[in-house]
Amino acid sequence: MPDITQLETELTAAVAKAGDEAALEAVRVAALGKNGSISALLKTLGAMTPDERKQQGPAINGLKDRISAAIAARRDELAAAALNARLSSETVDVTLPARDAPAELGRIHPISQVIDELTAIFADMGFAVAEGPDIETDDYNFTKLNFPEGHPARDMHDTFYFPPGPDGKRKLLRTHTSPVQVRTMLSQKPPIRVIIPGRTYRSDSDQTHTPMFHQVEGLVIDKSSHLGHLKWILEEFCKAFFEVNHVKMRFRPSFFPFTEPSLEVDIQCKRDKNEVRFGEGDDWMEILGCGMVHPNVLRNCGLDPDTVQGFAWGMGIDRIAMLKYGMPDLRPFFEADVRWLNHYGFRPLDFPTLAGGLSA
Ligand code: DAH
C-alpha cells in the first residue's frame, strides 16, 4: 500500500512547481488520469475488505479532492499571472500624439491638384469643361485638324497606333487634346468657350517628356474673338495660376496645321541640376501652343469661317506643375512611389478655389 501522505506531498509539490498550463495538465494526468497514481489507488478499493475500505476510502477520496482543488487553484493562479503579464506588456501610452484621421491620410497627386486649380481659374473666366476619349480616330486626331494625309507634321507626333480594325482603319492614342476641339465644334453651336483637360500620349521619354502626359486645350469660337483676347486670357491665367502679379512670358511665331497664325509661349525659369525655378533666371520653358483656329478646321467641323472665328491653345499640364511646384523631373510623376507622393502631394480636403487660395 503506497504511502498516501508521501504521495500527497509529492503531488502538492508538483502542482506548485508547474510553471504553465501545459505542465499543470501533465501533473493532473499523472495523478487523476486513467493511469494516474490516484486513479490507481481508487482502483484498489474494490479488492479491500469492508473494514479496510471504510478506513482507506475516505483517505484516498480525500487525497483526490485536495489534489483536484490544488490543481484548480494553481490553474487560476497561472491564468491571473498570464493576464497580468499581458496587461503590463500591452499598456497604452496616452502621451503619444494622436494618429491622423483617415481623411488626412493619402495625398492628391500634383496633376489632379493642378487640373483642379486651372479648372477653378478658367471657370472663373466663364469656360466650361469638355471631354473626349483617349482612344481616337485618325480623322479627329489629324485629318479634321487640317493635317493633310502624309504631311510631316503627323510624324512629329510619335503616335501610338492600334492594329487596324475590321474597316482597315487604325485607331490611335490621342497625341493631343485638340481632337476634342473637333468634337466640341461638331456638337455645340457658337459661342463656344471650353477648356479640355486630359491625358495625351506620345512615344517619347526624357526629363521633360513621358509617354503619357497631360494637356489642357482651350477653345473660343464666336464672331469676333481675336489674338489680343487670347493673349490676355493666357497672361491672366498664368498670373492666377502661379499666384504672382507679374509673369514673364514670351510669344514666338510657330506652326500648327490647325491654327493660322500660330504661336508658342514660353515662360521664364531657371534650371539648376535638381530644380526648375519659376520667375527667375534666363532660361525659358515652353508651356503651350496656340493660335487662331484655321478656316479649314472650322469648315471641317461644319462652321462657316466667314461668320465665326476664334482661337485655341494647348498647354502642357505637367510642365506648368513642374514649374509651379519646383519638380525637376517629370518621370517620377507616373512612378506611383508613395514617398514622392507624400512629399509633393496635396492634402485631400484642401480643394483649390480662387477665393480660398489655390495651393494654400
Ligand atoms: N495640339 C498642339 C500640340 O499638342 C498644341 C496646340 C497648339 C493646341 C496650338 C492648340 C493650338 O489648340 O491652337 O502640340
# chains A, B, ... in the order shown; residues from 1 in each chain; ligands from 1
call {"tool": "residues_near_ligand", "arguments": {"ligand": "ligand 1", "cutoff": "7 Å", "atoms": "only C-alpha atoms and all ligand atoms", "output": "VMD selection string"}}
result
chain A and resid 175 to 178 217 to 219 256 258 to 259 262 288 to 293 311 to 315
call {"tool": "closest_residue", "arguments": {"among": "A:Leu24, A:Ile135, A:Ala120, A:Met125", "to": "A:Trp232", "atoms": "only C-alpha atoms"}}
result
A:Met125
call {"tool": "residues_around", "arguments": {"residues": "A:Tyr140", "least_positions_apart": "4", "cutoff": "7 Å", "atoms": "only C-alpha atoms", "output": "list in words"}}
result
Glu136, Lys144, Leu145, Pro179 and Val182 of chain A
call {"tool": "residues_around", "arguments": {"residues": "stretch 148-164 of chain A", "least_positions_apart": "6", "cutoff": "6 Å", "atoms": "only C-alpha atoms", "output": "list in words"}}
result
Arg170, Lys171, Leu172, Leu173, Arg202 and Ser203 of chain A
call {"tool": "residues_around", "arguments": {"residues": "A:Ile60", "least_positions_apart": "3", "cutoff": "8 Å", "atoms": "only C-alpha atoms", "output": "mmCIF file with C-alpha atoms, in the first residue's frame"}}
result
data_model
loop_
_atom_site.group_PDB
_atom_site.id
_atom_site.type_symbol
_atom_site.label_atom_id
_atom_site.label_comp_id
_atom_site.auth_asym_id
_atom_site.auth_seq_id
_atom_site.Cartn_x
_atom_site.Cartn_y
_atom_site.Cartn_z
ATOM 1 C CA ILE A 4 -0.838 8.345 0.907
ATOM 2 C CA ILE A 38 -4.583 8.485 -7.520
ATOM 3 C CA LEU A 41 -5.275 3.908 -5.595
ATOM 4 C CA LEU A 42 -9.019 4.247 -6.177
ATOM 5 C CA GLN A 56 -8.924 3.743 3.142
ATOM 6 C CA GLY A 57 -11.935 5.037 1.182
ATOM 7 C CA LEU A 63 -6.479 12.915 -1.315
ATOM 8 C CA LYS A 64 -8.257 13.074 -4.688
#
call {"tool": "closest_residue", "arguments": {"among": "A:Arg299, A:Lys273, A:Arg183, A:Arg107", "to": "A:Asp139", "atoms": "only C-alpha atoms"}}
result
A:Arg183
call {"tool": "closest_residue", "arguments": {"among": "A:Thr119, A:Thr143, A:Ser187, A:Thr137", "to": "A:Val216", "atoms": "only C-alpha atoms"}}
result
A:Thr119
call {"tool": "decode", "arguments": {"residues": "stretch 7-40 of chain A", "atoms": "N, CA, C and O atoms", "output": "PDB file, in the first residue's frame"}}
result
ATOM      1  N   LEU A   7       2.591  10.472  -1.144  1.00  0.00           N
ATOM      2  CA  LEU A   7       2.075  10.787  -2.479  1.00  0.00           C
ATOM      3  C   LEU A   7       1.513  12.212  -2.510  1.00  0.00           C
ATOM      4  O   LEU A   7       1.738  12.990  -3.419  1.00  0.00           O
ATOM      5  N   GLU A   8       0.787  12.545  -1.428  1.00  0.00           N
ATOM      6  CA  GLU A   8       0.194  13.883  -1.360  1.00  0.00           C
ATOM      7  C   GLU A   8       1.282  14.952  -1.351  1.00  0.00           C
ATOM      8  O   GLU A   8       1.174  15.975  -2.038  1.00  0.00           O
ATOM      9  N   THR A   9       2.338  14.703  -0.587  1.00  0.00           N
ATOM     10  CA  THR A   9       3.441  15.675  -0.530  1.00  0.00           C
ATOM     11  C   THR A   9       4.052  15.852  -1.914  1.00  0.00           C
ATOM     12  O   THR A   9       4.273  16.976  -2.379  1.00  0.00           O
ATOM     13  N   GLU A  10       4.288  14.725  -2.603  1.00  0.00           N
ATOM     14  CA  GLU A  10       4.900  14.796  -3.940  1.00  0.00           C
ATOM     15  C   GLU A  10       4.006  15.539  -4.921  1.00  0.00           C
ATOM     16  O   GLU A  10       4.451  16.433  -5.653  1.00  0.00           O
ATOM     17  N   LEU A  11       2.703  15.161  -4.927  1.00  0.00           N
ATOM     18  CA  LEU A  11       1.787  15.782  -5.889  1.00  0.00           C
ATOM     19  C   LEU A  11       1.615  17.270  -5.615  1.00  0.00           C
ATOM     20  O   LEU A  11       1.597  18.098  -6.526  1.00  0.00           O
ATOM     21  N   THR A  12       1.499  17.620  -4.309  1.00  0.00           N
ATOM     22  CA  THR A  12       1.340  19.036  -3.976  1.00  0.00           C
ATOM     23  C   THR A  12       2.543  19.829  -4.448  1.00  0.00           C
ATOM     24  O   THR A  12       2.413  20.939  -4.999  1.00  0.00           O
ATOM     25  N   ALA A  13       3.730  19.250  -4.281  1.00  0.00           N
ATOM     26  CA  ALA A  13       4.944  19.946  -4.733  1.00  0.00           C
ATOM     27  C   ALA A  13       4.937  20.093  -6.244  1.00  0.00           C
ATOM     28  O   ALA A  13       5.268  21.155  -6.798  1.00  0.00           O
ATOM     29  N   ALA A  14       4.506  19.023  -6.967  1.00  0.00           N
ATOM     30  CA  ALA A  14       4.490  19.066  -8.431  1.00  0.00           C
ATOM     31  C   ALA A  14       3.518  20.128  -8.925  1.00  0.00           C
ATOM     32  O   ALA A  14       3.798  20.862  -9.880  1.00  0.00           O
ATOM     33  N   VAL A  15       2.339  20.210  -8.233  1.00  0.00           N
ATOM     34  CA  VAL A  15       1.355  21.234  -8.634  1.00  0.00           C
ATOM     35  C   VAL A  15       1.956  22.617  -8.454  1.00  0.00           C
ATOM     36  O   VAL A  15       1.860  23.491  -9.336  1.00  0.00           O
ATOM     37  N   ALA A  16       2.597  22.842  -7.328  1.00  0.00           N
ATOM     38  CA  ALA A  16       3.155  24.168  -7.052  1.00  0.00           C
ATOM     39  C   ALA A  16       4.257  24.515  -8.046  1.00  0.00           C
ATOM     40  O   ALA A  16       4.459  25.673  -8.405  1.00  0.00           O
ATOM     41  N   LYS A  17       4.981  23.481  -8.509  1.00  0.00           N
ATOM     42  CA  LYS A  17       6.119  23.722  -9.395  1.00  0.00           C
ATOM     43  C   LYS A  17       5.689  23.972 -10.845  1.00  0.00           C
ATOM     44  O   LYS A  17       6.435  24.569 -11.626  1.00  0.00           O
ATOM     45  N   ALA A  18       4.477  23.510 -11.201  1.00  0.00           N
ATOM     46  CA  ALA A  18       4.050  23.637 -12.606  1.00  0.00           C
ATOM     47  C   ALA A  18       4.047  25.111 -13.012  1.00  0.00           C
ATOM     48  O   ALA A  18       3.337  25.925 -12.424  1.00  0.00           O
ATOM     49  N   GLY A  19       4.863  25.433 -14.040  1.00  0.00           N
ATOM     50  CA  GLY A  19       5.057  26.848 -14.406  1.00  0.00           C
ATOM     51  C   GLY A  19       4.052  27.347 -15.422  1.00  0.00           C
ATOM     52  O   GLY A  19       3.932  28.554 -15.639  1.00  0.00           O
ATOM     53  N   ASP A  20       3.358  26.454 -16.110  1.00  0.00           N
ATOM     54  CA  ASP A  20       2.350  26.926 -17.069  1.00  0.00           C
ATOM     55  C   ASP A  20       1.237  25.894 -17.202  1.00  0.00           C
ATOM     56  O   ASP A  20       1.290  24.820 -16.592  1.00  0.00           O
ATOM     57  N   GLU A  21       0.246  26.225 -17.968  1.00  0.00           N
ATOM     58  CA  GLU A  21      -0.936  25.375 -18.150  1.00  0.00           C
ATOM     59  C   GLU A  21      -0.563  23.962 -18.586  1.00  0.00           C
ATOM     60  O   GLU A  21      -1.117  22.982 -18.101  1.00  0.00           O
ATOM     61  N   ALA A  22       0.393  23.855 -19.502  1.00  0.00           N
ATOM     62  CA  ALA A  22       0.751  22.542 -20.050  1.00  0.00           C
ATOM     63  C   ALA A  22       1.380  21.668 -18.965  1.00  0.00           C
ATOM     64  O   ALA A  22       1.043  20.480 -18.824  1.00  0.00           O
ATOM     65  N   ALA A  23       2.267  22.257 -18.171  1.00  0.00           N
ATOM     66  CA  ALA A  23       2.932  21.486 -17.115  1.00  0.00           C
ATOM     67  C   ALA A  23       1.907  21.034 -16.082  1.00  0.00           C
ATOM     68  O   ALA A  23       1.939  19.891 -15.587  1.00  0.00           O
ATOM     69  N   LEU A  24       0.943  21.934 -15.770  1.00  0.00           N
ATOM     70  CA  LEU A  24      -0.072  21.614 -14.773  1.00  0.00           C
ATOM     71  C   LEU A  24      -0.966  20.459 -15.268  1.00  0.00           C
ATOM     72  O   LEU A  24      -1.322  19.550 -14.521  1.00  0.00           O
ATOM     73  N   GLU A  25      -1.257  20.501 -16.569  1.00  0.00           N
ATOM     74  CA  GLU A  25      -2.087  19.453 -17.160  1.00  0.00           C
ATOM     75  C   GLU A  25      -1.363  18.104 -17.076  1.00  0.00           C
ATOM     76  O   GLU A  25      -1.968  17.059 -16.794  1.00  0.00           O
ATOM     77  N   ALA A  26      -0.044  18.135 -17.272  1.00  0.00           N
ATOM     78  CA  ALA A  26       0.734  16.893 -17.184  1.00  0.00           C
ATOM     79  C   ALA A  26       0.651  16.312 -15.762  1.00  0.00           C
ATOM     80  O   ALA A  26       0.487  15.099 -15.585  1.00  0.00           O
ATOM     81  N   VAL A  27       0.713  17.196 -14.778  1.00  0.00           N
ATOM     82  CA  VAL A  27       0.609  16.734 -13.385  1.00  0.00           C
ATOM     83  C   VAL A  27      -0.786  16.128 -13.142  1.00  0.00           C
ATOM     84  O   VAL A  27      -0.932  15.076 -12.524  1.00  0.00           O
ATOM     85  N   ARG A  28      -1.798  16.813 -13.672  1.00  0.00           N
ATOM     86  CA  ARG A  28      -3.169  16.313 -13.474  1.00  0.00           C
ATOM     87  C   ARG A  28      -3.333  14.908 -14.070  1.00  0.00           C
ATOM     88  O   ARG A  28      -3.860  13.994 -13.445  1.00  0.00           O
ATOM     89  N   VAL A  29      -2.838  14.752 -15.317  1.00  0.00           N
ATOM     90  CA  VAL A  29      -2.978  13.448 -15.972  1.00  0.00           C
ATOM     91  C   VAL A  29      -2.212  12.379 -15.186  1.00  0.00           C
ATOM     92  O   VAL A  29      -2.716  11.271 -14.953  1.00  0.00           O
ATOM     93  N   ALA A  30      -1.023  12.753 -14.689  1.00  0.00           N
ATOM     94  CA  ALA A  30      -0.214  11.769 -13.952  1.00  0.00           C
ATOM     95  C   ALA A  30      -0.886  11.348 -12.647  1.00  0.00           C
ATOM     96  O   ALA A  30      -0.677  10.243 -12.148  1.00  0.00           O
ATOM     97  N   ALA A  31      -1.730  12.223 -12.080  1.00  0.00           N
ATOM     98  CA  ALA A  31      -2.378  11.887 -10.817  1.00  0.00           C
ATOM     99  C   ALA A  31      -3.795  11.347 -11.020  1.00  0.00           C
ATOM    100  O   ALA A  31      -4.153  10.289 -10.510  1.00  0.00           O
ATOM    101  N   LEU A  32      -4.586  12.097 -11.839  1.00  0.00           N
ATOM    102  CA  LEU A  32      -6.013  11.789 -11.925  1.00  0.00           C
ATOM    103  C   LEU A  32      -6.445  11.173 -13.251  1.00  0.00           C
ATOM    104  O   LEU A  32      -7.607  10.826 -13.423  1.00  0.00           O
ATOM    105  N   GLY A  33      -5.528  11.070 -14.197  1.00  0.00           N
ATOM    106  CA  GLY A  33      -5.853  10.479 -15.497  1.00  0.00           C
ATOM    107  C   GLY A  33      -6.147   8.992 -15.348  1.00  0.00           C
ATOM    108  O   GLY A  33      -6.059   8.443 -14.243  1.00  0.00           O
ATOM    109  N   LYS A  34      -6.480   8.343 -16.470  1.00  0.00           N
ATOM    110  CA  LYS A  34      -6.882   6.925 -16.411  1.00  0.00           C
ATOM    111  C   LYS A  34      -5.824   6.057 -15.732  1.00  0.00           C
ATOM    112  O   LYS A  34      -6.135   5.181 -14.921  1.00  0.00           O
ATOM    113  N   ASN A  35      -4.558   6.345 -16.069  1.00  0.00           N
ATOM    114  CA  ASN A  35      -3.483   5.557 -15.456  1.00  0.00           C
ATOM    115  C   ASN A  35      -2.748   6.338 -14.371  1.00  0.00           C
ATOM    116  O   ASN A  35      -1.595   6.064 -14.064  1.00  0.00           O
ATOM    117  N   GLY A  36      -3.417   7.354 -13.818  1.00  0.00           N
ATOM    118  CA  GLY A  36      -2.754   8.208 -12.838  1.00  0.00           C
ATOM    119  C   GLY A  36      -2.583   7.511 -11.488  1.00  0.00           C
ATOM    120  O   GLY A  36      -3.231   6.492 -11.204  1.00  0.00           O
ATOM    121  N   SER A  37      -1.716   8.124 -10.659  1.00  0.00           N
ATOM    122  CA  SER A  37      -1.393   7.474  -9.383  1.00  0.00           C
ATOM    123  C   SER A  37      -2.596   7.430  -8.444  1.00  0.00           C
ATOM    124  O   SER A  37      -2.831   6.429  -7.756  1.00  0.00           O
ATOM    125  N   ILE A  38      -3.408   8.501  -8.400  1.00  0.00           N
ATOM    126  CA  ILE A  38      -4.583   8.485  -7.520  1.00  0.00           C
ATOM    127  C   ILE A  38      -5.643   7.520  -8.059  1.00  0.00           C
ATOM    128  O   ILE A  38      -6.256   6.755  -7.309  1.00  0.00           O
ATOM    129  N   SER A  39      -5.813   7.528  -9.412  1.00  0.00           N
ATOM    130  CA  SER A  39      -6.781   6.595 -10.009  1.00  0.00           C
ATOM    131  C   SER A  39      -6.405   5.164  -9.674  1.00  0.00           C
ATOM    132  O   SER A  39      -7.277   4.311  -9.407  1.00  0.00           O
ATOM    133  N   ALA A  40      -5.103   4.863  -9.679  1.00  0.00           N
ATOM    134  CA  ALA A  40      -4.650   3.503  -9.347  1.00  0.00           C
ATOM    135  C   ALA A  40      -5.042   3.153  -7.909  1.00  0.00           C
ATOM    136  O   ALA A  40      -5.495   2.045  -7.622  1.00  0.00           O
TER     137      ALA A  40
END
